[in-house]
$ cat target-v5.txt   # compact mmCIF, C-alpha atoms
# COMPACT_ATOMS: atom_id res chain seq x y z
CA MET A 1 -37.15 8.38 17.11
CA ILE A 2 -36.13 6.85 20.38
CA PRO A 3 -34.03 3.70 20.39
CA ALA A 4 -34.43 1.01 23.04
CA ALA A 5 -32.53 1.68 26.24
CA PHE A 6 -28.95 0.45 26.55
CA ASP A 7 -25.98 0.57 28.84
CA TYR A 8 -23.09 2.52 27.40
CA TYR A 9 -19.41 1.65 27.67
CA ARG A 10 -16.37 3.58 26.49
CA PRO A 11 -13.35 1.35 27.17
CA ASP A 12 -9.92 2.67 26.16
CA THR A 13 -8.14 -0.59 25.34
CA ILE A 14 -8.86 -3.55 23.07
CA ALA A 15 -8.60 -5.81 26.12
CA GLY A 16 -11.29 -3.73 27.80
CA VAL A 17 -13.57 -4.13 24.77
CA LEU A 18 -13.08 -7.90 24.68
CA GLU A 19 -13.88 -8.18 28.37
CA ILE A 20 -17.28 -6.53 27.88
CA LEU A 21 -17.98 -8.62 24.77
CA GLU A 22 -17.19 -11.81 26.66
CA GLU A 23 -19.35 -10.84 29.58
CA HIS A 24 -22.44 -9.97 27.55
CA GLY A 25 -22.08 -12.14 24.44
CA ASP A 26 -24.84 -11.52 21.92
CA ASP A 27 -26.29 -8.67 23.97
CA ALA A 28 -23.25 -6.49 23.38
CA ARG A 29 -22.06 -4.81 20.21
CA VAL A 30 -19.23 -2.50 19.32
CA MET A 31 -19.88 0.79 17.59
CA ALA A 32 -17.36 2.77 15.54
CA GLY A 33 -18.83 5.86 13.84
CA GLY A 34 -22.35 4.58 14.44
CA HIS A 35 -23.77 5.83 11.14
CA SER A 36 -25.08 2.40 10.18
CA LEU A 37 -25.88 1.15 13.68
CA ILE A 38 -27.58 4.23 15.17
CA PRO A 39 -30.16 4.50 12.35
CA MET A 40 -30.96 0.80 12.87
CA MET A 41 -31.32 1.36 16.62
CA LYS A 42 -33.56 4.38 16.05
CA LEU A 43 -35.82 2.28 13.85
CA ARG A 44 -35.70 -0.44 16.53
CA MET A 45 -34.41 -2.86 13.94
CA ALA A 46 -31.43 -3.34 16.25
CA ASP A 47 -31.81 -3.74 20.00
CA ILE A 48 -28.44 -3.61 21.72
CA PRO A 49 -28.58 -3.83 25.52
CA HIS A 50 -24.84 -3.18 25.88
CA LEU A 51 -23.30 -0.68 23.49
CA ILE A 52 -19.52 -0.43 23.36
CA ASP A 53 -18.29 2.84 21.86
CA LEU A 54 -14.79 2.42 20.37
CA GLN A 55 -13.94 6.14 20.15
CA ALA A 56 -11.47 6.06 23.07
CA VAL A 57 -9.50 2.98 21.97
CA GLU A 58 -6.28 4.62 20.77
CA GLU A 59 -4.92 1.30 19.48
CA LEU A 60 -7.57 1.33 16.76
CA ASN A 61 -6.37 4.62 15.27
CA GLY A 62 -3.62 5.34 12.83
CA ILE A 63 -2.54 5.08 9.22
CA ASP A 64 0.73 3.15 9.11
CA ILE A 65 2.39 3.16 5.69
CA ARG A 66 5.01 0.42 5.36
CA SER A 67 6.89 -0.98 2.40
CA GLY A 68 4.32 -2.38 -0.01
CA GLU A 69 1.32 -2.12 2.30
CA VAL A 70 -0.64 0.24 4.49
CA ARG A 71 -2.20 -0.67 7.82
CA LEU A 72 -5.37 1.22 8.56
CA GLY A 73 -6.56 1.23 12.15
CA ALA A 74 -10.22 0.24 12.22
CA MET A 75 -11.25 3.69 13.51
CA THR A 76 -9.67 5.52 10.56
CA THR A 77 -12.46 7.65 9.12
CA GLN A 78 -13.22 8.34 5.49
CA HIS A 79 -12.36 11.96 6.25
CA ASP A 80 -8.93 10.82 7.51
CA ILE A 81 -8.36 8.78 4.34
CA ILE A 82 -9.38 11.63 2.03
CA ASN A 83 -7.01 14.09 3.71
CA HIS A 84 -3.92 11.90 4.09
CA ALA A 85 -1.55 12.91 1.29
CA GLU A 86 0.97 10.11 1.82
CA LEU A 87 -1.78 7.50 1.80
CA THR A 88 -3.21 8.96 -1.39
CA THR A 89 0.19 8.61 -3.05
CA ALA A 90 0.53 4.99 -1.94
CA CYS A 91 -3.10 3.86 -2.46
CA PRO A 92 -5.04 6.51 -4.38
CA ILE A 93 -8.10 4.30 -4.90
CA LEU A 94 -8.88 4.56 -1.16
CA ARG A 95 -9.41 8.30 -1.52
CA GLU A 96 -11.32 7.98 -4.79
CA ALA A 97 -13.74 5.50 -3.19
CA SER A 98 -14.04 7.38 0.12
CA LEU A 99 -15.09 10.55 -1.69
CA GLN A 100 -18.06 8.62 -3.11
CA ILE A 101 -19.31 7.45 0.28
CA ALA A 102 -22.26 9.29 1.85
CA ASP A 103 -21.72 13.02 2.51
CA PRO A 104 -19.17 15.19 4.38
CA GLN A 105 -20.83 14.93 7.80
CA VAL A 106 -21.04 11.15 7.55
CA ARG A 107 -17.43 10.87 6.34
CA TYR A 108 -16.16 12.59 9.51
CA MET A 109 -17.73 9.74 11.50
CA GLY A 110 -17.73 6.76 9.14
CA THR A 111 -14.79 4.41 9.66
CA VAL A 112 -13.04 1.85 7.50
CA GLY A 113 -13.44 -0.79 10.21
CA GLY A 114 -17.16 -0.22 10.59
CA ASN A 115 -17.65 -0.15 6.85
CA VAL A 116 -15.93 -3.48 6.24
CA ALA A 117 -17.12 -5.29 9.40
CA ASN A 118 -20.79 -4.35 9.15
CA GLY A 119 -21.42 -6.78 6.30
CA ASP A 120 -23.95 -4.54 4.56
CA PRO A 121 -23.80 -5.33 0.83
CA GLY A 122 -24.39 -1.63 0.19
CA ASN A 123 -21.15 -0.55 1.85
CA ASP A 124 -18.40 0.46 -0.59
CA MET A 125 -15.27 -0.65 1.30
CA PRO A 126 -15.87 -4.43 1.26
CA GLY A 127 -15.82 -4.68 -2.54
CA LEU A 128 -12.91 -2.27 -2.70
CA MET A 129 -10.95 -4.38 -0.20
CA GLN A 130 -11.70 -7.55 -2.16
CA CYS A 131 -10.41 -5.91 -5.32
CA LEU A 132 -7.20 -4.90 -3.51
CA ASP A 133 -6.84 -8.30 -1.80
CA ALA A 134 -6.78 -6.64 1.62
CA GLN A 135 -6.52 -8.59 4.87
CA PHE A 136 -8.60 -8.00 8.00
CA VAL A 137 -7.06 -8.47 11.44
CA LEU A 138 -9.51 -9.79 14.05
CA VAL A 139 -8.80 -9.98 17.76
CA GLY A 140 -10.75 -12.18 20.15
CA PRO A 141 -10.36 -14.09 23.37
CA ASP A 142 -8.13 -16.64 21.61
CA GLY A 143 -5.82 -14.00 20.20
CA GLU A 144 -5.34 -12.53 16.77
CA ARG A 145 -6.09 -13.93 13.33
CA THR A 146 -6.05 -12.56 9.81
CA VAL A 147 -8.74 -13.16 7.21
CA ALA A 148 -8.63 -12.22 3.55
CA ALA A 149 -11.35 -9.76 2.51
CA ARG A 150 -12.14 -12.23 -0.26
CA ASP A 151 -13.02 -14.89 2.35
CA PHE A 152 -14.74 -12.67 4.92
CA TYR A 153 -18.27 -12.18 3.60
CA GLU A 154 -20.84 -14.96 3.92
CA ALA A 155 -24.22 -13.27 3.38
CA ALA A 156 -25.85 -9.92 4.11
CA TYR A 157 -24.64 -8.87 7.59
CA MET A 158 -23.05 -12.30 8.03
CA THR A 159 -19.27 -12.39 8.11
CA ASP A 160 -16.48 -14.63 9.31
CA ARG A 161 -16.14 -12.48 12.45
CA GLU A 162 -17.22 -14.21 15.66
CA ASP A 163 -19.45 -12.37 18.14
CA GLU A 164 -16.68 -11.97 20.68
CA GLU A 165 -14.12 -10.72 18.14
CA ILE A 166 -13.44 -7.20 16.93
CA LEU A 167 -11.85 -6.10 13.70
CA THR A 168 -8.82 -4.01 14.55
CA THR A 169 -6.84 -3.41 11.37
CA VAL A 170 -7.25 -3.45 7.61
CA ILE A 171 -4.04 -4.29 5.72
CA VAL A 172 -4.09 -2.94 2.17
CA PRO A 173 -1.37 -3.82 -0.34
CA PHE A 174 -0.22 -0.94 -2.55
CA HIS A 175 -1.69 -0.97 -6.03
CA GLY A 176 -0.26 0.40 -9.26
CA ARG A 177 -1.34 3.47 -11.16
CA GLY A 178 -4.09 1.62 -13.06
CA TYR A 179 -7.05 1.93 -10.71
CA ALA A 180 -10.63 3.22 -10.58
CA TYR A 181 -13.60 3.19 -8.26
CA GLU A 182 -16.79 3.95 -10.16
CA LYS A 183 -20.21 4.21 -8.49
CA GLN A 184 -23.72 4.82 -9.75
CA LYS A 185 -26.14 6.11 -7.12
CA ARG A 186 -29.54 7.77 -7.19
CA LYS A 187 -28.41 10.77 -5.17
CA ILE A 188 -25.62 11.96 -2.88
CA GLY A 189 -25.55 9.84 0.24
CA ASP A 190 -27.19 6.84 -1.38
CA TYR A 191 -25.79 3.36 -1.53
CA ALA A 192 -24.68 2.15 -4.94
CA THR A 193 -27.10 0.96 -7.58
CA ALA A 194 -23.88 -0.58 -8.85
CA ALA A 195 -20.24 0.12 -8.11
CA ALA A 196 -17.01 -1.32 -9.46
CA ALA A 197 -13.47 -1.39 -8.07
CA VAL A 198 -10.80 -2.12 -10.67
CA THR A 199 -7.01 -2.37 -10.62
CA LEU A 200 -4.99 -3.12 -13.75
CA THR A 201 -1.27 -3.54 -14.31
CA ASN A 202 0.13 -2.42 -17.63
CA ASP A 203 3.31 -3.86 -19.12
CA GLN A 204 4.14 -2.21 -22.44
CA GLY A 205 0.52 -1.94 -23.56
CA MET A 206 -0.48 -5.35 -22.28
CA CYS A 207 -2.62 -5.92 -19.19
CA VAL A 208 -0.67 -8.41 -17.09
CA ALA A 209 -2.79 -8.35 -13.94
CA ALA A 210 -6.39 -7.32 -13.30
CA SER A 211 -8.67 -7.39 -10.29
CA ILE A 212 -12.38 -6.54 -10.36
CA ALA A 213 -14.93 -6.38 -7.55
CA MET A 214 -18.56 -5.22 -7.56
CA THR A 215 -20.69 -3.62 -4.84
CA ASN A 216 -24.39 -3.99 -3.99
CA LEU A 217 -25.16 -6.48 -6.72
CA SER A 218 -25.43 -9.59 -4.49
CA ASP A 219 -25.87 -10.22 -0.79
CA THR A 220 -22.08 -9.94 -0.47
CA PRO A 221 -19.49 -8.00 -2.43
CA ILE A 222 -18.41 -9.95 -5.50
CA TRP A 223 -14.78 -10.35 -6.50
CA SER A 224 -15.03 -11.66 -10.05
CA GLU A 225 -11.87 -13.60 -10.75
CA GLU A 226 -13.04 -14.46 -14.27
CA ALA A 227 -13.74 -10.84 -15.12
CA GLY A 228 -10.16 -9.98 -14.20
CA GLN A 229 -8.81 -12.94 -16.18
CA ALA A 230 -10.73 -11.77 -19.25
CA LEU A 231 -8.53 -8.68 -19.32
CA GLU A 232 -5.21 -10.35 -18.60
CA GLY A 233 -3.03 -10.89 -21.61
CA THR A 234 -5.00 -8.39 -23.68
CA GLY A 235 -4.53 -4.77 -24.68
CA VAL A 236 -7.84 -3.98 -22.95
CA ASP A 237 -9.59 -3.54 -26.28
CA ASP A 238 -13.38 -3.55 -26.70
CA ASP A 239 -13.58 -7.34 -27.03
CA ALA A 240 -11.66 -7.87 -23.81
CA VAL A 241 -13.78 -5.32 -21.94
CA ASN A 242 -16.99 -6.94 -23.20
CA ALA A 243 -15.70 -10.34 -22.14
CA ALA A 244 -14.92 -8.97 -18.67
CA VAL A 245 -18.43 -7.52 -18.40
CA GLU A 246 -19.97 -10.84 -19.49
CA ALA A 247 -17.91 -12.72 -16.90
CA MET A 248 -18.87 -10.24 -14.18
CA LEU A 249 -22.58 -10.53 -15.05
CA GLY A 250 -22.26 -14.28 -14.57
CA ASP A 251 -20.97 -13.78 -11.03
CA ILE A 252 -23.39 -11.18 -9.63
CA ASP A 253 -26.92 -11.90 -8.46
CA PRO A 254 -28.79 -8.60 -8.11
CA GLN A 255 -32.26 -8.51 -6.60
CA GLU A 256 -35.12 -6.20 -7.52
CA ASP A 257 -35.63 -3.39 -5.01
CA ASN A 258 -36.31 0.34 -5.00
CA ARG A 259 -33.11 0.89 -6.99
CA GLY A 260 -34.63 -0.97 -9.91
CA PRO A 261 -35.44 -4.35 -11.45
CA VAL A 262 -32.82 -7.01 -12.09
CA ALA A 263 -32.43 -6.22 -15.79
CA PHE A 264 -31.74 -2.57 -14.99
CA LYS A 265 -29.17 -3.47 -12.35
CA ASN A 266 -27.35 -5.78 -14.75
CA HIS A 267 -27.37 -2.98 -17.32
CA VAL A 268 -25.97 -0.45 -14.85
CA ALA A 269 -23.39 -2.94 -13.57
CA GLY A 270 -22.09 -3.41 -17.11
CA ILE A 271 -21.82 0.30 -17.81
CA ILE A 272 -20.18 1.06 -14.48
CA LEU A 273 -17.64 -1.70 -14.95
CA LYS A 274 -16.82 -0.49 -18.47
CA ARG A 275 -16.28 3.03 -17.17
CA ALA A 276 -14.09 1.78 -14.34
CA ILE A 277 -11.96 -0.36 -16.66
CA THR A 278 -11.60 2.50 -19.12
CA ARG A 279 -10.49 4.95 -16.46
CA ALA A 280 -8.16 2.45 -14.83
CA TRP A 281 -6.55 1.60 -18.17
CA ASP A 282 -6.20 5.25 -19.15
CA ARG A 283 -4.35 5.77 -15.90
CA ALA A 284 -2.30 2.61 -16.36
CA GLU A 285 -1.18 3.89 -19.76
CA GLY A 286 -0.42 7.33 -18.35
CA ARG A 287 -3.21 9.12 -20.24
CA ALA A 288 -5.10 10.24 -17.12
CA MET B 1 -30.35 -1.14 31.85
CA GLY B 2 -30.22 2.30 30.35
CA LYS B 3 -29.41 3.92 33.64
CA LYS B 4 -28.66 7.60 33.53
CA MET B 5 -25.13 8.81 32.95
CA HIS B 6 -23.39 11.82 34.31
CA ILE B 7 -22.56 13.90 31.22
CA THR B 8 -20.33 16.93 30.88
CA MET B 9 -19.83 18.83 27.67
CA THR B 10 -18.94 22.30 26.55
CA VAL B 11 -21.59 23.92 24.39
CA ASN B 12 -20.72 27.23 22.76
CA GLY B 13 -17.99 27.76 25.33
CA LYS B 14 -20.24 27.07 28.33
CA GLU B 15 -19.65 24.08 30.58
CA GLU B 16 -22.80 21.91 30.89
CA GLU B 17 -23.39 19.10 33.35
CA PHE B 18 -26.46 16.89 33.64
CA LEU B 19 -27.78 13.35 33.99
CA ALA B 20 -29.17 11.73 30.85
CA GLU B 21 -29.99 8.32 29.46
CA PRO B 22 -27.24 7.30 27.03
CA ARG B 23 -29.81 6.75 24.25
CA GLU B 24 -30.80 10.43 24.18
CA LEU B 25 -29.89 11.85 20.79
CA LEU B 26 -27.60 14.87 20.86
CA ILE B 27 -30.10 16.97 18.91
CA TYR B 28 -32.67 16.52 21.71
CA THR B 29 -30.07 17.27 24.35
CA LEU B 30 -29.26 20.53 22.63
CA ARG B 31 -32.79 21.59 21.77
CA GLU B 32 -34.87 20.37 24.69
CA ARG B 33 -32.47 20.06 27.58
CA LEU B 34 -30.13 22.99 26.93
CA ASN B 35 -32.50 25.18 24.89
CA TYR B 36 -30.23 25.60 21.87
CA THR B 37 -33.07 25.53 19.34
CA GLY B 38 -30.90 26.76 16.45
CA PRO B 39 -30.04 23.30 15.14
CA HIS B 40 -33.26 21.94 13.63
CA ILE B 41 -34.79 18.52 13.23
CA GLY B 42 -35.59 18.02 9.55
CA CYS B 43 -35.63 14.34 8.70
CA GLU B 44 -34.16 12.79 11.85
CA THR B 45 -32.67 10.07 9.63
CA SER B 46 -29.17 11.49 8.88
CA HIS B 47 -30.15 12.74 5.44
CA CYS B 48 -31.03 16.42 5.57
CA GLY B 49 -28.31 18.10 7.65
CA ALA B 50 -30.64 20.60 9.38
CA CYS B 51 -29.33 19.35 12.74
CA THR B 52 -25.66 19.89 11.84
CA VAL B 53 -23.48 21.03 14.73
CA GLU B 54 -19.75 20.89 15.33
CA VAL B 55 -18.43 18.26 17.75
CA ASN B 56 -14.70 18.41 18.49
CA GLY B 57 -14.11 20.22 15.20
CA LYS B 58 -16.14 17.87 13.01
CA SER B 59 -19.43 18.66 11.27
CA VAL B 60 -21.85 16.16 12.76
CA LYS B 61 -25.53 15.41 12.27
CA ALA B 62 -26.76 15.70 15.84
CA CYS B 63 -29.67 13.32 15.14
CA THR B 64 -27.14 10.52 14.61
CA MET B 65 -25.09 10.82 17.77
CA PHE B 66 -26.03 9.64 21.24
CA VAL B 67 -25.48 12.07 24.07
CA ALA B 68 -23.25 9.39 25.61
CA GLN B 69 -20.88 9.65 22.63
CA ALA B 70 -20.73 13.41 23.09
CA ASP B 71 -19.76 13.12 26.76
CA GLY B 72 -16.58 15.14 27.25
CA THR B 73 -16.73 16.88 23.87
CA ASP B 74 -16.77 20.47 22.74
CA VAL B 75 -19.95 21.34 20.81
CA THR B 76 -20.71 24.42 18.74
CA THR B 77 -24.19 25.26 17.47
CA ILE B 78 -25.34 28.17 15.32
CA GLU B 79 -25.90 30.14 18.54
CA GLY B 80 -22.14 29.95 19.16
CA ILE B 81 -21.29 31.16 15.66
CA GLY B 82 -23.11 34.49 15.60
CA GLY B 83 -26.35 36.24 16.47
CA PRO B 84 -28.41 39.36 15.79
CA ASP B 85 -25.92 41.63 17.54
CA ALA B 86 -22.86 40.24 15.82
CA LEU B 87 -23.59 38.31 12.66
CA HIS B 88 -20.96 35.91 11.37
CA PRO B 89 -19.82 36.80 7.82
CA LEU B 90 -21.70 33.71 6.61
CA GLN B 91 -24.90 34.94 8.24
CA GLU B 92 -24.36 38.38 6.68
CA ALA B 93 -23.77 36.81 3.30
CA PHE B 94 -26.84 34.54 3.48
CA ARG B 95 -28.96 37.61 4.27
CA GLU B 96 -27.34 39.76 1.62
CA HIS B 97 -27.46 37.14 -1.16
CA HIS B 98 -30.83 35.64 -0.32
CA GLY B 99 -29.25 32.31 0.64
CA LEU B 100 -32.47 31.23 2.30
CA GLN B 101 -36.17 31.35 1.79
CA CYS B 102 -38.02 29.53 4.58
CA GLY B 103 -34.81 29.40 6.63
CA TYR B 104 -35.35 25.98 8.13
CA CYS B 105 -32.13 24.47 6.76
CA THR B 106 -30.09 27.63 7.33
CA PRO B 107 -28.57 26.96 10.77
CA GLY B 108 -27.27 23.61 9.53
CA MET B 109 -26.10 25.18 6.26
CA ILE B 110 -24.14 27.92 8.01
CA THR B 111 -22.68 25.61 10.64
CA ARG B 112 -21.47 23.26 7.93
CA ALA B 113 -20.27 26.07 5.65
CA ARG B 114 -18.20 27.54 8.45
CA LYS B 115 -16.30 24.27 8.83
CA LEU B 116 -15.95 23.95 5.06
CA LEU B 117 -14.35 27.42 4.84
CA GLU B 118 -12.06 26.60 7.73
CA GLU B 119 -10.76 23.58 5.80
CA ASN B 120 -10.83 25.26 2.41
CA PRO B 121 -10.87 29.07 2.68
CA ASN B 122 -11.19 29.66 -1.06
CA PRO B 123 -13.41 26.92 -2.50
CA SER B 124 -14.56 26.68 -6.11
CA GLU B 125 -18.28 26.38 -6.83
CA GLU B 126 -17.81 22.65 -7.34
CA GLU B 127 -16.00 22.30 -4.03
CA ILE B 128 -18.77 24.19 -2.26
CA ARG B 129 -21.46 21.98 -3.77
CA PHE B 130 -19.50 18.86 -2.86
CA GLY B 131 -18.69 20.11 0.63
CA MET B 132 -22.31 21.06 1.29
CA ALA B 133 -23.75 17.82 -0.08
CA GLY B 134 -24.88 16.67 3.36
CA ASN B 135 -27.29 19.60 3.70
CA ILE B 136 -30.58 19.68 1.86
CA CYS B 137 -32.56 22.82 1.00
CA ARG B 138 -36.01 22.50 -0.53
CA CYS B 139 -36.49 26.19 -1.33
CA THR B 140 -33.53 27.90 -2.90
CA GLY B 141 -32.30 25.49 -5.55
CA TYR B 142 -28.88 26.06 -3.90
CA GLN B 143 -27.78 28.78 -6.33
CA ASN B 144 -27.92 31.52 -3.74
CA ILE B 145 -26.50 29.32 -1.03
CA VAL B 146 -23.41 28.81 -3.18
CA LYS B 147 -23.24 32.56 -3.88
CA SER B 148 -23.56 33.34 -0.19
CA ILE B 149 -20.74 30.99 0.74
CA GLN B 150 -18.53 32.41 -2.00
CA ALA B 151 -19.23 35.95 -0.80
CA ALA B 152 -18.52 35.00 2.81
CA ALA B 153 -15.26 33.34 1.78
CA THR B 154 -14.13 36.56 0.08
CA GLN B 155 -15.22 38.60 3.07
CA ILE B 156 -13.42 36.37 5.59
CA GLU B 157 -10.22 36.36 3.52
CA ALA B 158 -10.32 40.15 3.15
CA ALA B 159 -10.78 40.56 6.90
CA LYS B 160 -7.84 38.22 7.52
CA GLU B 161 -5.62 40.19 5.17
CA ALA B 162 -6.66 43.48 6.73
CA ALA B 163 -5.75 42.10 10.15
CA GLU B 164 -2.27 41.08 9.03
$ encode --input "target-v5.txt" --output "structure tokens"
Amino acid sequence: MIPAAFDYYRPDTIAGVLEILEEHGDDARVMAGGHSLIPMMKLRMADIPHLIDLQAVEELNGIDIRSGEVRLGAMTTQHDIINHAELTTACPILREASLQIADPQVRYMGTVGGNVANGDPGNDMPGLMQCLDAQFVLVGPDGERTVAARDFYEAAYMTDREDEEILTTVIVPFHGRGYAYEKQKRKIGDYATAAAAVTLTNDQGMCVAASIAMTNLSDTPIWSEEAGQALEGTGVDDDAVNAAVEAMLGDIDPQEDNRGPVAFKNHVAGIILKRAITRAWDRAEGRA
Amino acid sequence: MGKKMHITMTVNGKEEEFLAEPRELLIYTLRERLNYTGPHIGCETSHCGACTVEVNGKSVKACTMFVAQADGTDVTTIEGIGGPDALHPLQEAFREHHGLQCGYCTPGMITRARKLLEENPNPSEEEIRFGMAGNICRCTGYQNIVKSIQAAATQIEAAKEAAE
């Protein structure tokens, strides 16, 4: 498998990246770990005359834990996330989700920035970041701006990012101890048939805040506000969970593909969400 | 476009220097340019792990890295881990415990397992299966691969203790 020829750049500053992007416009693309882009290039589904490798841009590295939030440099890998004890204490769902992405070799290369910026509905981080209400920092020729993960995704591979911008940082608010990332896949390394990210806040047996997002069940990740609301003000009993599942099913729009027909995907989505809510609530109540 | 780049990398401790198109995949660089035919091409689509090598201390599928990305890196292949004259404990263990049948996946398995044991010297069976999930074997059913890695882990730890 031989991709189309390209010129290769390895700038070491964000300014250097932006310069190349401005010069070549559509013909240039940035690459983080490359484990989505390189397969596309090998299949010649992507033809990128000017390839900008971000590996040397130090500014894009780092896990910065502040009060109430963590700032992940775009080049933070899943391997970095899994092995960062302090981060796991502050935001354990990041580790739980990262462990369910691809396989060890891919996790050494796969980055949080690439995963969220790519816009592939199969990627796990976009839904997770919507659940957590994360913010994405984008830098372009006109400076820096911040976009909520919940506003970032427009369609498959279409995001709010402009061609001459790069995503530099993902800002993740801390979440409480009621959390779960649950994923159904056909085999290790596969994208989700359905995945659910859930955070719940427990106040004396009552769920006072809930956030639910689903992966690979539409052409974008789906943050289901109504599904979360169905749990709020309840003790997360069976009726509340069923109501949340019903609300979620109203928000997703799965398509038939080699992971199954629509009815099957709806079925799996419901089961996965139930499992995620159950685990998150068990944790919120201190049982797990 | 696509003009050749001057590449330098260290492979198994040896400095290599050559001109290559940036789009060349690292697995072809290693196998066809530098004659390290230990890492194999199984699927060439990042799934099977037969091409696993170590790049700057990370287990990497060499079919999913351009040679340009590997410019300036330190690469280890199975040839740098051990050979007929001095088998690595993992190679010994795979032979002893029948951790292979056709052997095609074995270089990738051992290269990955070595990194796994570096990060986790005493893994449980579950940790081994999880840590080896990026390497596919179509012969063994994995049972003996797990056994081999467990045996090697014991062996490596014993050797470490003896040295102390």
$ residues_around --input "target-v5.txt" --residues "Gln100 in chain A" --least-positions-apart "2" --cutoff "10 Å" --atoms "all atoms listed in the file" --output "list in words"
Gln78, Arg95, Glu96, Ala97, Ser98, Ala102, Asp103, Arg107, Asp124, Tyr181, Glu182, Lys183, Gln184, Lys185, Ile188, Gly189, Asp190, Tyr191 and Ala192 of chain A
$ residues_around --input "target-v5.txt" --residues "range 169-175 of chain A" --least-positions-apart "6" --cutoff "9 Å" --atoms "only C-alpha atoms" --output "list in words"
Leu60, Asn61, Ser67, Gly68, Glu69, Val70, Arg71, Leu72, Gly73, Ala74, Met75, Ala90, Cys91, Pro92, Ile93, Val112, Gly113, Val116, Met129, Leu132, Asp133, Ala134, Gln135, Phe136, Val137, Leu138, Thr199, Leu200 and Thr201 of chain A
$ residues_near_point --input "target-v5.txt" --point "(-24.6, -12.7, -9.8)" --cutoff "12 Å" --atoms "all atoms listed in the file" --output "VMD selection string"
chain A and resid 213 to 224 245 to 255 262 to 263 265 to 266 269
$ closest_residue --input "target-v5.txt" --among "A:Met1, A:Ile65, A:Cys131, A:Met125" --to "chain B" --atoms "all atoms listed in the file"
A:Met1
$ residues_around --input "target-v5.txt" --residues "Val198 in chain A" --least-positions-apart "4" --cutoff "7 Å" --atoms "all atoms listed in the file" --output "tab-separated table (two decimals) with C-alpha atoms, keeping the file's coordinate frame"
chain	number	residue	atom	x	y	z
A	131	CYS	CA	-10.41	-5.91	-5.32
A	179	TYR	CA	-7.05	1.93	-10.71
A	180	ALA	CA	-10.63	3.22	-10.58
A	181	TYR	CA	-13.60	3.19	-8.26
A	211	SER	CA	-8.67	-7.39	-10.29
A	212	ILE	CA	-12.38	-6.54	-10.36
A	213	ALA	CA	-14.93	-6.38	-7.55
A	276	ALA	CA	-14.09	1.78	-14.34
A	277	ILE	CA	-11.96	-0.36	-16.66
A	280	ALA	CA	-8.16	2.45	-14.83
$ closest_residue --input "target-v5.txt" --among "A:Asp160, A:Asp53, A:Asp151, A:Asp237" --to "Met65 in chain B" --atoms "all atoms listed in the file"
A:Asp53
$ closest_atom_pairs --input "target-v5.txt" --of "chain B" --to "chain A" --cutoff "7 Å" --atoms "all atoms listed in the file" --output "JSON lines"
{"residue": "B:Met1", "atom": "CA", "partner": "A:Asp7", "partner_atom": "CA", "distance": 5.6}
{"residue": "B:Gly2", "atom": "CA", "partner": "A:Phe6", "partner_atom": "CA", "distance": 4.4}
{"residue": "B:Lys3", "atom": "CA", "partner": "A:Asp7", "partner_atom": "CA", "distance": 6.8}
{"residue": "B:Pro22", "atom": "CA", "partner": "A:Tyr8", "partner_atom": "CA", "distance": 6.3}
{"residue": "B:Arg23", "atom": "CA", "partner": "A:Ala5", "partner_atom": "CA", "distance": 6.1}
{"residue": "B:Thr45", "atom": "CA", "partner": "A:Pro39", "partner_atom": "CA", "distance": 6.7}
{"residue": "B:Lys58", "atom": "CA", "partner": "A:Tyr108", "partner_atom": "CA", "distance": 6.3}
{"residue": "B:Ser59", "atom": "CA", "partner": "A:Gln105", "partner_atom": "CA", "distance": 5.3}
{"residue": "B:Val60", "atom": "CA", "partner": "A:Gln105", "partner_atom": "CA", "distance": 5.2}
{"residue": "B:Lys61", "atom": "CA", "partner": "A:Gln105", "partner_atom": "CA", "distance": 6.5}
{"residue": "B:Thr64", "atom": "CA", "partner": "A:Ile38", "partner_atom": "CA", "distance": 6.3}
{"residue": "B:Gly131", "atom": "CA", "partner": "A:Pro104", "partner_atom": "CA", "distance": 6.2}
{"residue": "B:Ala133", "atom": "CA", "partner": "A:Asp103", "partner_atom": "CA", "distance": 5.8}
{"residue": "B:Gly134", "atom": "CA", "partner": "A:Asp103", "partner_atom": "CA", "distance": 4.9}
